[in-house]
Amino acid sequence: MIIRIKHTILVLFLLCNFSLAFAAPPEVTRFTLSNGIKVVNLYVENSTVVGIFGYLPLGLAADGKAKTQWSHLIEHLTIRTSGPIDFKTSNAETMADNMRLDFLGNTDNWMDGLKQHTQWLSGLPFSAESLAEELPKALSEIDFTEKRLATHKWAFAAWNQAIRHGETAISMRGDVQSAQLRELEEYRDLHLVQADRVLLCVIGGVKAETLKPAMEEHLGSINLTAKKLPPATVTSELVKDQVTSWDINVTHYLETYAIPNVDHRDYPALYMASLLLRIACMQDTQLKESIGYIYCGIDLITPEQIYLYVSASLKPDTEIGKVKKRVGELINQLKQPGKNAMVPMYAMNLSMQLSSPPDIALVMLQKPIGITEDMMLGNIGLQWGMLEYQYGDTLPKLAGALAGVTADDVADVVKRYLTEDKRMTLLLKPSALK
């Protein structure tokens, strides 16, 4: 199973006699198959690992009205179309703005991974048996995260229903429990595999000249057509202090700010602002007393708009007013250039991270105990693939622009975008507590 491991590029002077099986950044090759599927290959010399990660546009923040987390259930059913799941090699995850299908193998069985991805993308029929087996598994993920106050993913799904569809009682469990097999197939066929919205990232010991013809043979015949994500069903309005119920036994708070897309000149500074706010929120001792987990990012992306968000699960009996106030105080600190002394260092590191995949040897130095090199390499591919999927051809431009972001730039965009009059808030309360 692939796990997420956040990596940062650190400037280190290593001992001259230090050596690893891998000692350089992967060699990056990009190409497009005849049907429009985009591929990025990260070749790692001497590696026997091969990871194949497929990215698709259907996610939790774009599901249709009263179809809460249908995308998540479709993820479970899709990977079952290739047969029983071997979690040693196959996995998947549905995020706010995309679905990811994974294969992690080696230079002996990587063609099996291509065949699996071909089946996953070909729209094969779902089976009643798979639905009966996978629905409880999908619901159990809610149970698992609920106990740990790790409800960010489900909060995005509920936010989508409240903000984009006007729902006031979110049925995280009920919407998928009532879904019929044929409805799920039709929903997948309408929204999942879209022209110009499919990317595969391959990392490991397969060279591009070997990979390209094999991918064309197996994946090139898949028919990609012009499709759209489910549209919003209510007019987008600025919602202040909205309270909505959901069938999860955790109180969760979200605040969002509409921001421009990556092509806008303010985006790099907003990217940096989201990172600084994330660090500030996660390290703040006052917030730790009230929350389970807190996160900030700019990957809350709907068909209509991109949002910078703060997402926090709350401990029982937390006074929400204190959390809102403290988040506001941390945002206000970013409006002061003098408080942002770390911006130049962060800006350079971010620029390096987005310019190319990391040096493998450097990343392996940070390998946590119990995590294998195979898993580390897989996570490099997973994270780089996500960047390629989210930013595409704009990634080099964003990387270059980030290097020039200053403390004044951050203060300026925070003053203009992260304001009280532009803040939308949503408080999700367990149904029994609303």
# chains A, B, ... in the order shown; residues from 1 in each chain; ligands from 1
$ select_by_dssp --residues "region 297-433 of chain A" --states "strand (DSSP E or B)" --output "PyMOL selection string"
chain A and resi 297-301+306-314+424-430
$ write_last_selection --atoms "N, CA and C atoms" --output "short mmCIF file (atom, residue, chain, number, x, y, z; two decimals), in the first residue's frame"
data_model
loop_
_atom_site.label_atom_id
_atom_site.label_comp_id
_atom_site.auth_asym_id
_atom_site.auth_seq_id
_atom_site.Cartn_x
_atom_site.Cartn_y
_atom_site.Cartn_z
N GLY A 297 -4.64 24.70 2.54
CA GLY A 297 -4.12 24.44 1.20
C GLY A 297 -4.86 25.24 0.15
N ILE A 298 -4.49 25.01 -1.10
CA ILE A 298 -5.17 25.68 -2.22
C ILE A 298 -5.62 24.64 -3.25
N ASP A 299 -5.84 23.41 -2.81
CA ASP A 299 -6.26 22.36 -3.72
C ASP A 299 -7.73 22.00 -3.56
N LEU A 300 -8.53 22.95 -3.07
CA LEU A 300 -9.98 22.79 -3.08
C LEU A 300 -10.46 23.41 -4.39
N ILE A 301 -10.62 22.55 -5.39
CA ILE A 301 -10.85 23.00 -6.76
C ILE A 301 -12.18 22.43 -7.25
N ILE A 306 -11.47 28.08 -7.61
CA ILE A 306 -10.42 27.55 -6.76
C ILE A 306 -10.49 28.28 -5.42
N TYR A 307 -10.25 27.54 -4.33
CA TYR A 307 -10.34 28.14 -3.00
C TYR A 307 -9.08 27.85 -2.18
N LEU A 308 -8.64 28.83 -1.45
CA LEU A 308 -7.72 28.62 -0.34
C LEU A 308 -8.58 28.30 0.87
N TYR A 309 -8.21 27.28 1.62
CA TYR A 309 -9.07 26.83 2.71
C TYR A 309 -8.28 26.58 3.98
N VAL A 310 -9.00 26.64 5.09
CA VAL A 310 -8.55 26.15 6.38
C VAL A 310 -9.58 25.12 6.82
N SER A 311 -9.12 23.92 7.14
CA SER A 311 -10.01 22.82 7.51
C SER A 311 -9.56 22.27 8.85
N ALA A 312 -10.50 22.18 9.81
CA ALA A 312 -10.13 21.73 11.16
C ALA A 312 -11.22 20.85 11.76
N SER A 313 -10.82 19.68 12.24
CA SER A 313 -11.73 18.86 13.04
C SER A 313 -11.61 19.33 14.49
N LEU A 314 -12.74 19.38 15.18
CA LEU A 314 -12.77 19.96 16.52
C LEU A 314 -12.95 18.89 17.58
N MET A 424 -15.82 32.62 3.54
CA MET A 424 -16.99 31.75 3.67
C MET A 424 -16.69 30.74 4.77
N THR A 425 -17.63 30.50 5.65
CA THR A 425 -17.41 29.52 6.71
C THR A 425 -18.52 28.48 6.70
N LEU A 426 -18.14 27.26 7.04
CA LEU A 426 -19.09 26.17 7.14
C LEU A 426 -18.75 25.36 8.38
N LEU A 427 -19.71 25.20 9.25
CA LEU A 427 -19.56 24.36 10.43
C LEU A 427 -20.41 23.12 10.24
N LEU A 428 -19.77 21.96 10.20
CA LEU A 428 -20.46 20.69 10.06
C LEU A 428 -20.63 20.07 11.44
N LYS A 429 -21.89 19.84 11.82
CA LYS A 429 -22.16 19.30 13.15
C LYS A 429 -22.85 17.95 13.02
N PRO A 430 -22.54 17.01 13.89
CA PRO A 430 -23.24 15.73 13.87
C PRO A 430 -24.74 15.93 13.91
#
$ residues_around --residues "Gln390 (chain A)" --least-positions-apart "4" --cutoff "12 Å" --atoms "only C-alpha atoms" --output "PyMOL selection string"
chain A and resi 55-57+96-99+197-199+261-262+298-301+306+354+383-386+394-395+398
$ atom_distance --atom1 "CA of Ser122 (chain A)" --atom2 "CA of Asp374 (chain A)"
28.4 Å
$ residues_around --residues "Ile170 (chain A)" --least-positions-apart "5" --cutoff "9 Å" --atoms "only C-alpha atoms" --output "count of residues only"
13
$ residues_around --residues "Ile279 (chain A)" --least-positions-apart "3" --cutoff "12 Å" --atoms "only C-alpha atoms" --output "PyMOL selection string"
chain A and resi 272-276+282-285+294-297+310+327+330-331+334+340+342+346
$ write_last_selection --atoms "N, CA, C and O atoms" --output "compact mmCIF listing (two decimals), in the first residue's frame"
# COMPACT_ATOMS: atom_id res chain seq x y z
N MET A 272 2.33 30.48 -1.52
CA MET A 272 3.22 30.66 -0.38
C MET A 272 2.43 31.00 0.88
O MET A 272 2.73 30.49 1.98
N ALA A 273 1.41 31.84 0.75
CA ALA A 273 0.60 32.21 1.91
C ALA A 273 -0.09 30.98 2.51
O ALA A 273 -0.17 30.83 3.73
N SER A 274 -0.56 30.09 1.65
CA SER A 274 -1.23 28.88 2.16
C SER A 274 -0.24 27.99 2.91
O SER A 274 -0.60 27.38 3.92
N LEU A 275 0.99 27.92 2.44
CA LEU A 275 2.01 27.14 3.14
C LEU A 275 2.32 27.74 4.50
O LEU A 275 2.38 27.03 5.52
N LEU A 276 2.52 29.05 4.55
CA LEU A 276 2.83 29.72 5.82
C LEU A 276 1.68 29.57 6.81
O LEU A 276 1.90 29.36 8.01
N MET A 282 -0.71 24.54 12.24
CA MET A 282 -0.33 23.23 12.76
C MET A 282 0.58 23.34 13.98
O MET A 282 0.60 22.45 14.83
N GLN A 283 1.30 24.44 14.10
CA GLN A 283 2.22 24.62 15.22
C GLN A 283 1.62 25.41 16.37
O GLN A 283 2.20 25.46 17.45
N ASP A 284 0.46 26.02 16.16
CA ASP A 284 -0.09 26.92 17.16
C ASP A 284 -0.59 26.18 18.40
O ASP A 284 -1.42 25.27 18.31
N THR A 285 -0.08 26.55 19.54
CA THR A 285 -0.44 25.85 20.79
C THR A 285 -1.89 26.11 21.20
O THR A 285 -2.53 25.23 21.78
N ILE A 294 -5.65 20.07 11.78
CA ILE A 294 -5.94 21.28 11.00
C ILE A 294 -5.03 21.30 9.79
O ILE A 294 -3.89 20.85 9.85
N TYR A 295 -5.57 21.79 8.69
CA TYR A 295 -4.80 21.82 7.46
C TYR A 295 -5.22 23.04 6.65
O TYR A 295 -6.36 23.51 6.74
N CYS A 296 -4.29 23.54 5.85
CA CYS A 296 -4.56 24.67 4.96
C CYS A 296 -3.97 24.34 3.61
O CYS A 296 -2.88 23.77 3.52
N GLY A 297 -4.64 24.70 2.54
CA GLY A 297 -4.12 24.44 1.20
C GLY A 297 -4.86 25.24 0.15
O GLY A 297 -5.75 26.05 0.46
N VAL A 310 -9.00 26.64 5.09
CA VAL A 310 -8.55 26.15 6.38
C VAL A 310 -9.58 25.12 6.82
O VAL A 310 -10.78 25.41 6.84
N VAL A 327 -7.66 31.52 14.13
CA VAL A 327 -7.28 31.42 12.71
C VAL A 327 -7.19 32.82 12.11
O VAL A 327 -6.26 33.13 11.35
N LEU A 330 -3.95 34.44 13.10
CA LEU A 330 -2.80 33.90 12.36
C LEU A 330 -2.77 34.44 10.94
O LEU A 330 -1.70 34.70 10.39
N ILE A 331 -3.95 34.62 10.34
CA ILE A 331 -4.00 35.22 9.01
C ILE A 331 -3.52 36.67 9.08
O ILE A 331 -2.75 37.12 8.22
N LEU A 334 0.13 37.27 8.80
CA LEU A 334 0.71 37.18 7.46
C LEU A 334 0.59 38.50 6.70
O LEU A 334 1.24 38.67 5.66
N ASN A 340 7.10 37.57 8.19
CA ASN A 340 7.30 36.55 7.16
C ASN A 340 8.77 36.43 6.78
O ASN A 340 9.12 36.32 5.60
N MET A 342 10.76 34.04 6.91
CA MET A 342 11.16 32.77 6.31
C MET A 342 10.77 32.65 4.84
O MET A 342 11.10 31.65 4.19
N TYR A 346 11.69 29.53 2.13
CA TYR A 346 10.59 28.68 1.69
C TYR A 346 10.37 28.81 0.18
O TYR A 346 10.10 27.82 -0.51
$ residues_around --residues "Gln116 (chain A)" --least-positions-apart "6" --cutoff "12 Å" --atoms "only C-alpha atoms" --output "ChimeraX atom specification"
/A:52-54,78-86,89-91,101-105,109-110,122,124,215,218-219
$ atom_distance --atom1 "CA of Glu167 (chain A)" --atom2 "CA of Thr251 (chain A)"
17.1 Å
$ residues_around --residues "region 46-49 of chain A" --least-positions-apart "3" --cutoff "8 Å" --atoms "only C-alpha atoms" --output "NGL selection string"
:A and (21-22 or 104-107 or 203-205 or 374 or 377)
$ closest_residue --among "A:Pro357, A:Pro230, A:Gly404, A:Gly338" --to "Arg265 (chain A)" --atoms "only C-alpha atoms"
A:Gly404
$ residues_around --residues "Gly220 (chain A)" --least-positions-apart "3" --cutoff "6 Å" --atoms "only C-alpha atoms" --output "list in words"
Leu33, Ser34, Asn35, Glu216 and Glu217 of chain A
$ closest_residue --among "A:Arg164, A:His152, A:Arg423, A:Lys240" --to "His252 (chain A)" --atoms "only C-alpha atoms"
A:His152
$ atom_distance --atom1 "CA of Phe31 (chain A)" --atom2 "CA of Ala208 (chain A)"
9.1 Å
$ closest_residue --among "A:Ala258, A:Ala157, A:Leu131, A:Cys281" --to "Glu183 (chain A)" --atoms "only C-alpha atoms"
A:Leu131
$ closest_residue --among "A:Ala61, A:Val405, A:Leu77, A:Val250" --to "Glu304 (chain A)" --atoms "only C-alpha atoms"
A:Ala61
